[in-house]
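Next comes structure.cif, with mmCIF, C-alpha atoms.
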```cif
data_my_file
loop_
_atom_site.label_atom_id
_atom_site.label_comp_id
_atom_site.auth_asym_id
_atom_site.auth_seq_id
_atom_site.Cartn_x
_atom_site.Cartn_y
_atom_site.Cartn_z
CA MET G 1 2.58 55.54 -40.61
CA ASN G 2 0.82 55.74 -43.97
CA GLY G 3 -2.81 54.94 -44.80
CA GLY G 4 -3.44 52.16 -42.29
CA PHE G 5 0.02 50.66 -42.17
CA SER G 6 3.54 51.50 -41.07
CA THR G 7 6.72 50.74 -42.99
CA ILE G 8 10.01 49.47 -41.61
CA SER G 9 13.07 49.83 -43.85
CA VAL G 10 16.09 47.67 -43.09
CA GLN G 11 19.35 46.71 -44.76
CA LEU G 12 20.42 43.13 -44.15
CA GLY G 13 23.90 42.50 -42.89
CA ASP G 14 26.56 40.60 -44.80
CA ASP G 15 26.17 37.68 -42.37
CA ALA G 16 22.69 36.98 -43.83
CA THR G 17 24.28 35.17 -46.79
CA GLY G 18 22.53 31.84 -47.30
CA TRP G 19 19.83 32.52 -44.70
CA ARG G 20 16.12 32.08 -45.26
CA LEU G 21 14.48 35.44 -45.79
CA ASP G 22 12.12 35.11 -42.81
CA ARG G 23 15.04 34.35 -40.51
CA ALA G 24 17.13 37.25 -41.82
CA LEU G 25 14.28 39.73 -41.41
CA ALA G 26 13.47 38.46 -37.91
CA VAL G 27 17.08 39.14 -36.90
CA ALA G 28 17.05 42.56 -38.56
CA ILE G 29 13.69 43.52 -37.00
CA PRO G 30 13.69 42.03 -33.47
CA THR G 31 10.35 43.66 -32.64
CA LEU G 32 8.62 41.26 -35.04
CA SER G 33 8.45 37.53 -34.46
CA ARG G 34 9.49 35.14 -37.20
CA GLU G 35 5.92 33.85 -37.46
CA ARG G 36 4.64 37.40 -37.92
CA ILE G 37 7.22 38.03 -40.64
CA LYS G 38 6.20 34.82 -42.41
CA ALA G 39 2.60 36.05 -42.44
CA LEU G 40 3.64 39.46 -43.78
CA LEU G 41 5.71 37.86 -46.54
CA SER G 42 2.89 35.53 -47.54
CA SER G 43 0.41 38.43 -47.69
CA GLY G 44 2.64 40.51 -49.98
CA GLN G 45 3.79 43.09 -47.45
CA VAL G 46 7.56 42.78 -48.08
CA THR G 47 9.60 44.20 -50.96
CA GLY G 48 13.30 43.68 -51.60
CA PRO G 49 15.93 44.28 -54.26
CA ASN G 50 14.06 42.03 -56.69
CA GLY G 51 10.61 43.45 -56.03
CA LEU G 52 7.80 41.81 -54.05
CA ALA G 53 9.00 38.98 -51.80
CA ARG G 54 6.40 36.41 -50.83
CA ASP G 55 8.31 33.20 -50.10
CA PRO G 56 9.57 32.96 -46.48
CA SER G 57 11.98 30.19 -47.47
CA SER G 58 13.63 32.14 -50.28
CA LYS G 59 17.26 33.15 -49.81
CA ALA G 60 17.93 36.58 -48.35
CA VAL G 61 20.10 38.98 -50.32
CA ALA G 62 22.89 39.97 -47.94
CA GLY G 63 23.51 43.72 -47.72
CA ALA G 64 20.31 44.53 -49.62
CA PRO G 65 17.52 46.90 -48.50
CA TYR G 66 14.07 45.54 -47.65
CA GLN G 67 10.81 47.26 -46.81
CA VAL G 68 8.21 45.65 -44.58
CA ASN G 69 4.69 47.07 -44.48
CA ILE G 70 2.87 46.36 -41.22
CA PRO G 71 -0.92 46.82 -41.37
CA ASP G 72 -2.40 48.47 -38.32
CA PRO G 73 -3.73 45.82 -35.92
CA THR G 74 -7.43 45.26 -36.34
CA VAL G 75 -9.46 45.87 -33.24
CA ALA G 76 -10.41 42.69 -31.44
CA HIS G 77 -14.11 42.01 -31.02
CA ASN G 78 -13.49 41.73 -27.29
CA GLN G 79 -14.08 44.96 -25.43
CA PRO G 80 -11.77 46.36 -22.74
CA GLN G 81 -13.35 46.13 -19.30
CA ASP G 82 -12.13 47.61 -16.03
CA ILE G 83 -11.85 44.36 -14.10
CA ALA G 84 -9.50 44.24 -11.12
CA LEU G 85 -6.46 42.04 -11.66
CA GLU G 86 -3.78 40.88 -9.26
CA ILE G 87 -0.58 41.60 -11.19
CA VAL G 88 2.38 39.80 -9.62
CA PHE G 89 4.97 41.12 -12.08
CA GLU G 90 5.00 43.31 -15.18
CA ASP G 91 7.56 44.77 -17.56
CA ASP G 92 7.48 45.96 -21.17
CA HIS G 93 7.33 42.40 -22.52
CA LEU G 94 5.12 40.30 -20.27
CA LEU G 95 3.10 40.18 -17.10
CA ILE G 96 2.21 37.56 -14.51
CA VAL G 97 -1.38 37.40 -13.31
CA ASP G 98 -2.63 35.60 -10.18
CA LYS G 99 -6.06 34.59 -11.50
CA PRO G 100 -8.93 34.06 -9.07
CA ALA G 101 -11.19 31.05 -9.40
CA GLY G 102 -14.27 31.88 -11.44
CA LEU G 103 -12.54 34.15 -13.95
CA VAL G 104 -12.66 32.82 -17.52
CA VAL G 105 -9.47 33.36 -19.52
CA HIS G 106 -10.88 33.70 -23.06
CA PRO G 107 -14.28 34.92 -24.24
CA ALA G 108 -16.33 32.03 -25.60
CA ALA G 109 -19.91 30.85 -25.86
CA GLY G 110 -21.64 31.70 -22.60
CA ASN G 111 -18.80 34.01 -21.50
CA PHE G 112 -18.52 36.81 -24.04
CA ASP G 113 -17.26 39.35 -21.53
CA GLY G 114 -16.02 39.64 -17.99
CA THR G 115 -12.96 37.54 -18.90
CA LEU G 116 -9.25 37.86 -18.31
CA VAL G 117 -8.81 38.98 -21.93
CA ASN G 118 -11.31 41.81 -21.42
CA ALA G 119 -9.43 42.86 -18.29
CA LEU G 120 -6.06 42.74 -20.06
CA LEU G 121 -7.35 44.82 -22.97
CA HIS G 122 -8.16 47.53 -20.43
CA HIS G 123 -5.01 47.13 -18.35
CA CYS G 124 -2.65 47.07 -21.34
CA ALA G 125 -4.44 49.72 -23.41
CA GLY G 126 -2.07 51.20 -25.98
CA ARG G 127 0.72 48.76 -25.12
CA LEU G 128 -0.34 45.58 -26.89
CA SER G 129 1.43 43.86 -29.72
CA GLY G 130 -0.30 43.01 -32.98
CA ILE G 131 -0.05 39.26 -32.46
CA GLY G 132 -1.46 37.67 -35.57
CA GLY G 133 -2.44 41.14 -36.75
CA VAL G 134 -5.01 41.55 -33.96
CA ALA G 135 -4.70 44.02 -31.12
CA ARG G 136 -4.99 41.72 -28.13
CA PRO G 137 -2.80 40.50 -25.29
CA GLY G 138 -0.96 37.27 -25.89
CA ILE G 139 -2.49 34.47 -23.87
CA VAL G 140 0.34 31.94 -24.01
CA HIS G 141 -1.36 29.31 -21.85
CA ARG G 142 -4.62 28.94 -19.97
CA ILE G 143 -5.97 27.59 -16.73
CA ASP G 144 -9.56 26.50 -16.25
CA LYS G 145 -12.21 28.98 -15.15
CA ASP G 146 -12.48 27.40 -11.70
CA THR G 147 -8.74 26.87 -11.21
CA SER G 148 -6.92 29.68 -9.45
CA GLY G 149 -3.32 30.78 -9.73
CA LEU G 150 -0.49 32.00 -11.89
CA LEU G 151 -0.30 32.45 -15.63
CA VAL G 152 2.00 34.44 -17.89
CA VAL G 153 0.75 36.84 -20.57
CA ALA G 154 2.91 38.09 -23.44
CA LYS G 155 2.71 41.78 -24.32
CA THR G 156 4.97 41.63 -27.40
CA ASP G 157 5.37 39.25 -30.32
CA ARG G 158 8.93 38.51 -29.27
CA ALA G 159 7.86 37.53 -25.76
CA HIS G 160 4.97 35.45 -27.08
CA GLU G 161 7.17 33.52 -29.46
CA GLY G 162 9.88 32.96 -26.84
CA LEU G 163 7.45 31.76 -24.19
CA SER G 164 5.61 29.53 -26.66
CA ALA G 165 8.92 27.90 -27.56
CA GLN G 166 9.60 27.16 -23.89
CA PHE G 167 6.15 25.64 -23.47
CA ALA G 168 6.76 23.51 -26.58
CA ARG G 169 10.07 22.29 -25.09
CA HIS G 170 8.32 21.56 -21.77
CA SER G 171 10.92 23.70 -20.00
CA ILE G 172 8.38 25.85 -18.11
CA ASP G 173 8.25 25.01 -14.38
CA ARG G 174 4.59 24.67 -13.36
CA GLY G 175 3.55 23.44 -9.95
CA TYR G 176 -0.07 22.95 -8.90
CA GLN G 177 -1.49 22.34 -5.43
CA ALA G 178 -4.49 20.02 -5.37
CA ILE G 179 -6.65 18.46 -2.68
CA VAL G 180 -7.64 14.97 -3.78
CA THR G 181 -9.60 12.04 -2.39
CA GLY G 182 -7.72 9.23 -0.65
CA ILE G 183 -4.18 9.10 0.67
CA ALA G 184 -1.83 9.72 -2.24
CA THR G 185 1.88 8.91 -2.31
CA SER G 186 4.18 10.05 -5.08
CA GLY G 187 4.47 9.00 -8.69
CA SER G 188 3.78 9.91 -12.29
CA VAL G 189 0.94 9.48 -14.75
CA ASP G 190 1.97 9.17 -18.39
CA ALA G 191 -1.27 8.81 -20.33
CA PRO G 192 -2.32 10.46 -23.62
CA LEU G 193 -5.29 12.82 -23.53
CA ALA G 194 -7.90 13.81 -26.10
CA ARG G 195 -11.52 14.87 -26.22
CA ASN G 196 -13.81 12.19 -24.85
CA PRO G 197 -15.32 10.53 -27.94
CA HIS G 198 -18.65 10.16 -26.09
CA ASP G 199 -18.78 13.63 -24.55
CA ARG G 200 -16.94 16.45 -26.33
CA LYS G 201 -17.10 18.65 -23.23
CA LYS G 202 -14.85 16.23 -21.39
CA VAL G 203 -11.26 15.08 -21.80
CA ALA G 204 -10.32 11.42 -21.49
CA ILE G 205 -7.33 9.12 -21.69
CA VAL G 206 -7.30 8.08 -25.34
CA GLU G 207 -4.59 5.95 -26.93
CA SER G 208 -4.42 8.18 -30.00
CA GLY G 209 -4.37 11.39 -27.94
CA LYS G 210 -1.51 13.78 -27.23
CA ARG G 211 1.16 12.69 -24.77
CA ALA G 212 0.53 14.03 -21.28
CA VAL G 213 2.70 13.56 -18.20
CA THR G 214 1.91 14.60 -14.62
CA HIS G 215 4.31 14.08 -11.71
CA TYR G 216 2.67 14.20 -8.27
CA SER G 217 3.96 14.11 -4.71
CA LEU G 218 2.32 14.14 -1.29
CA ILE G 219 2.53 17.36 0.69
CA GLU G 220 0.28 16.34 3.59
CA ALA G 221 -2.11 13.50 4.38
CA LEU G 222 -5.60 14.63 5.41
CA ARG G 223 -8.83 12.94 6.50
CA GLU G 224 -9.49 10.52 3.65
CA ALA G 225 -7.83 13.09 1.40
CA SER G 226 -4.42 14.47 0.50
CA LEU G 227 -2.82 17.80 -0.33
CA ILE G 228 -0.49 17.08 -3.25
CA GLU G 229 1.73 18.96 -5.63
CA CYS G 230 1.45 18.21 -9.34
CA ARG G 231 4.28 19.17 -11.66
CA LEU G 232 3.30 19.31 -15.30
CA GLU G 233 5.70 17.99 -17.89
CA THR G 234 3.08 18.77 -20.54
CA GLY G 235 0.10 21.12 -20.40
CA ARG G 236 -3.05 19.53 -21.79
CA THR G 237 -6.61 20.64 -21.14
CA HIS G 238 -7.88 19.26 -17.79
CA GLN G 239 -4.63 17.29 -17.45
CA VAL G 240 -4.33 17.23 -13.66
CA ARG G 241 -8.03 16.59 -13.19
CA VAL G 242 -8.18 13.64 -15.60
CA HIS G 243 -4.85 12.09 -14.63
CA MET G 244 -5.53 12.15 -10.90
CA ALA G 245 -9.05 10.81 -11.38
CA SER G 246 -7.62 7.98 -13.47
CA ILE G 247 -5.63 6.68 -10.47
CA GLY G 248 -8.47 7.06 -7.97
CA HIS G 249 -7.51 10.45 -6.54
CA GLN G 250 -10.22 12.75 -7.86
CA LEU G 251 -9.94 16.44 -7.07
CA LEU G 252 -12.34 17.49 -4.36
CA GLY G 253 -15.13 19.64 -5.71
CA ASP G 254 -14.52 18.70 -9.34
CA PRO G 255 -17.99 18.80 -10.93
CA VAL G 256 -16.91 16.90 -14.04
CA TYR G 257 -14.40 14.23 -13.03
CA GLY G 258 -14.92 13.98 -9.25
CA ARG G 259 -16.75 11.30 -7.29
CA MET G 260 -17.07 12.50 -3.70
CA LYS G 261 -17.40 10.51 -0.50
CA PRO G 262 -20.55 11.46 1.46
CA ALA G 263 -18.46 13.11 4.19
CA HIS G 264 -16.56 15.20 1.64
CA ARG G 265 -19.76 16.13 -0.16
CA ALA G 266 -21.30 17.40 3.09
CA LEU G 267 -18.15 19.40 3.90
CA LEU G 268 -18.02 21.00 0.47
CA LYS G 269 -21.67 22.01 0.80
CA ARG G 270 -21.11 23.50 4.25
CA LEU G 271 -18.11 25.50 3.03
CA ASP G 272 -19.91 26.45 -0.19
CA PHE G 273 -16.88 25.14 -2.07
CA ALA G 274 -18.13 24.66 -5.62
CA ARG G 275 -15.01 24.21 -7.76
CA GLN G 276 -12.16 21.77 -8.26
CA ALA G 277 -9.56 22.17 -5.50
CA LEU G 278 -6.72 23.11 -7.83
CA HIS G 279 -4.34 26.06 -7.62
CA ALA G 280 -1.48 27.01 -9.97
CA ALA G 281 0.98 27.79 -7.17
CA ARG G 282 4.34 27.94 -8.94
CA LEU G 283 5.50 29.27 -12.31
CA GLY G 284 9.07 29.52 -13.56
CA PHE G 285 10.66 30.25 -16.93
CA ILE G 286 13.48 32.09 -18.68
CA HIS G 287 12.52 35.62 -19.61
CA PRO G 288 12.25 35.49 -23.43
CA VAL G 289 13.89 38.91 -23.89
CA THR G 290 16.25 39.50 -20.96
CA SER G 291 17.18 35.80 -20.45
CA GLU G 292 16.71 36.22 -16.69
CA THR G 293 15.48 33.26 -14.66
CA MET G 294 11.98 34.11 -13.44
CA ALA G 295 10.22 32.28 -10.59
CA PHE G 296 6.90 33.10 -8.95
CA GLU G 297 4.80 31.54 -6.20
CA SER G 298 1.20 32.11 -5.18
CA GLU G 299 -0.26 31.29 -1.78
CA MET G 300 -3.20 28.91 -1.58
CA PRO G 301 -6.40 31.01 -1.86
CA ASP G 302 -8.72 31.39 1.11
CA ASP G 303 -11.39 28.95 -0.06
CA MET G 304 -8.88 26.13 -0.56
CA GLN G 305 -7.14 27.04 2.70
CA ARG G 306 -10.44 26.65 4.60
CA LEU G 307 -11.01 23.27 2.94
CA PHE G 308 -7.48 22.18 3.82
CA THR G 309 -7.89 23.28 7.45
CA GLU G 310 -11.17 21.38 7.83
CA LEU G 311 -9.59 18.20 6.47
CA ALA G 312 -6.35 18.44 8.49
CA LEU G 313 -5.70 15.46 10.76
#
```
Exercise: express the given structure as structure tokens:
Amino acid sequence: MNGGFSTISVQLGDDATGWRLDRALAVAIPTLSRERIKALLSSGQVTGPNGLARDPSSKAVAGAPYQVNIPDPTVAHNQPQDIALEIVFEDDHLLIVDKPAGLVVHPAAGNFDGTLVNALLHHCAGRLSGIGGVARPGIVHRIDKDTSGLLVVAKTDRAHEGLSAQFARHSIDRGYQAIVTGIATSGSVDAPLARNPHDRKKVAIVESGKRAVTHYSLIEALREASLIECRLETGRTHQVRVHMASIGHQLLGDPVYGRMKPAHRALLKRLDFARQALHAARLGFIHPVTSETMAFESEMPDDMQRLFTELAL
């Protein structure tokens, strides 16, 4: 450590001949992601046998020494808060959180604190990576405030990069339980999503949007409703909510995309159920560091269970 930064000295192996410099350094320093090394190179934090190295695509000099200066992570504006979390799994690289409905993932306008990020800053104090040069936990994916269930958080750059790559390849196993209007069967919705051009707070099926695919199957038929499982091939904002509404199976309780039958509306009011009936029940992936197959399940929360019981035939 020296004046606000630490220095890592490495000597590249002979097998780095012909490699891009960012790739060679990422192999030599496995604690730093390739994206982080690119940023350090571009900001003039790397020196090699020929002096300052700024171009990530330049050729590495095999067998040569390199020094990488790593600025201390800047403190995030978000403040740590002692908020109870249900941690399903945790190791040195990542953790799995079972998020309750009502908890916002990221601070934003109207929700500057009391979020999952604030809770993670407290829980992971002193054990966070400098992702992007900022001391904060790595939120790899999100679920809506009023959706409950599982999500994975990266604690190191290496885990963040590895998990992000799996999300990009659509190889993450994500299963959602939803209670929807009408009697659903099984099928798939393949419809591109983007911000609604008439209401930026909503998402809509837009021809020029990003590809989005949801596979759904019936778990149990209910009274003018269904409990279904949705498996996400992609992970777009509000994907399940918009896709199911588009085929006439709106999520019960959805304040944005739902259109409730009078009987359902009365039941939701009686149960004080004021959110979309959506729960991230299953999450599976390959551990980005240990290469172990990881699989987690979360039971339907009490509020959705009561709704399900009331609607059971």
TODO: Please evaluate the PyMOL selection byres ((chain G and resi 39-53) around 6) against the displayed coordinates and give the resulting residues as a VMD selection string.
DONE: chain G and resid 36 to 38 54 66 to 69
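The shortest atom-to-atom distance to Tyr176 in chain G, with all atoms listed in the file taken into account, belongs to G:Glu297 out of G:Glu292, G:Glu297, G:Asp254, G:Asp82.
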TODO: One decimal, Å: what's the distance from CA of Gly63 in chain G over to CA of Ser6 in chain G, could you say?
DONE: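 CA of Ser6 in chain G lies at a distance of 22.4 Å from CA of Gly63 in chain G.
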TODO: For the file shown, report as a list of chain:residue names the outcome of the PyMOL selection byres ((chain G and resi 102) around 12) at residue level.
DONE: G:Lys99, G:Pro100, G:Ala101, G:Leu103, G:Val104, G:Val105, G:Asn111, G:Gly114, G:Thr115, G:Leu116, G:Ile143, G:Asp144, G:Lys145, G:Asp146, G:Thr147, G:Ser148, G:Gly149, G:Phe273, G:Ala274, G:Arg275, G:Gln276
Open item on the list: Once the PyMOL selection byres ((chain G and resi 60) around 6) has been evaluated on this model, what residues remain selected, and can you format them as a ChimeraX atom specification?
Closed with: /G:19-21,59,61
Next, the residues of the selection above should be written as a short mmCIF file (atom, residue, chain, number, x, y, z; two decimals), keeping the file's coordinate frame with C-alpha atoms.
```cif
data_model
loop_
_atom_site.label_atom_id
_atom_site.label_comp_id
_atom_site.auth_asym_id
_atom_site.auth_seq_id
_atom_site.Cartn_x
_atom_site.Cartn_y
_atom_site.Cartn_z
CA TRP G 19 19.83 32.52 -44.70
CA ARG G 20 16.12 32.08 -45.26
CA LEU G 21 14.48 35.44 -45.79
CA LYS G 59 17.26 33.15 -49.81
CA VAL G 61 20.10 38.98 -50.32
#
```
- [ ] Name all residues at most 8 Å from Leu251 in chain G (count all atoms listed in the file; drop same-chain ones fewer than 6 positions away) and give them as a list of chain:residue names.
- [x] G:Ala178, G:Ile179, G:Val180, G:Thr181, G:Arg241, G:Met244, G:Ala245, G:Tyr257, G:Gly258, G:Gln276, G:Ala277, G:Leu278
Open item on the list: Report, in Å to a single decimal, how far apart CA of Gly248 in chain G and CA of Lys261 in chain G are.
Closed with: 12.1 Å
- [ ] Could you check how far CA of Leu12 in chain G sits from CA of Ile29 in chain G, in Å to one decimal?
- [x] 9.8 Å
Contacts of range 161-169 of chain G at 9 Å or less, counting all atoms listed in the file, minus same-chain residues fewer than 5 places along, as a PDB file with C-alpha atoms, in the frame of the given file?
```pdb
ATOM      1  CA  SER G  33       8.450  37.530 -34.460  1.00  0.00           C
ATOM      2  CA  ARG G  34       9.490  35.140 -37.200  1.00  0.00           C
ATOM      3  CA  GLU G  35       5.920  33.850 -37.460  1.00  0.00           C
ATOM      4  CA  VAL G 140       0.340  31.940 -24.010  1.00  0.00           C
ATOM      5  CA  HIS G 141      -1.360  29.310 -21.850  1.00  0.00           C
ATOM      6  CA  VAL G 152       2.000  34.440 -17.890  1.00  0.00           C
ATOM      7  CA  ALA G 154       2.910  38.090 -23.440  1.00  0.00           C
ATOM      8  CA  THR G 156       4.970  41.630 -27.400  1.00  0.00           C
ATOM      9  CA  THR G 234       3.080  18.770 -20.540  1.00  0.00           C
ATOM     10  CA  GLY G 235       0.100  21.120 -20.400  1.00  0.00           C
ATOM     11  CA  PHE G 285      10.660  30.250 -16.930  1.00  0.00           C
ATOM     12  CA  ILE G 286      13.480  32.090 -18.680  1.00  0.00           C
ATOM     13  CA  HIS G 287      12.520  35.620 -19.610  1.00  0.00           C
ATOM     14  CA  PRO G 288      12.250  35.490 -23.430  1.00  0.00           C
ATOM     15  CA  VAL G 289      13.890  38.910 -23.890  1.00  0.00           C
TER      16      VAL G 289
END
```
Open item on the list: Residues within 8 Å of Pro301 in chain G, please, as a PyMOL selection string. Count all atoms listed in the file; anything in the same chain fewer than 2 positions from it doesn't count.
Closed with: chain G and resi 148+279+299+303-305
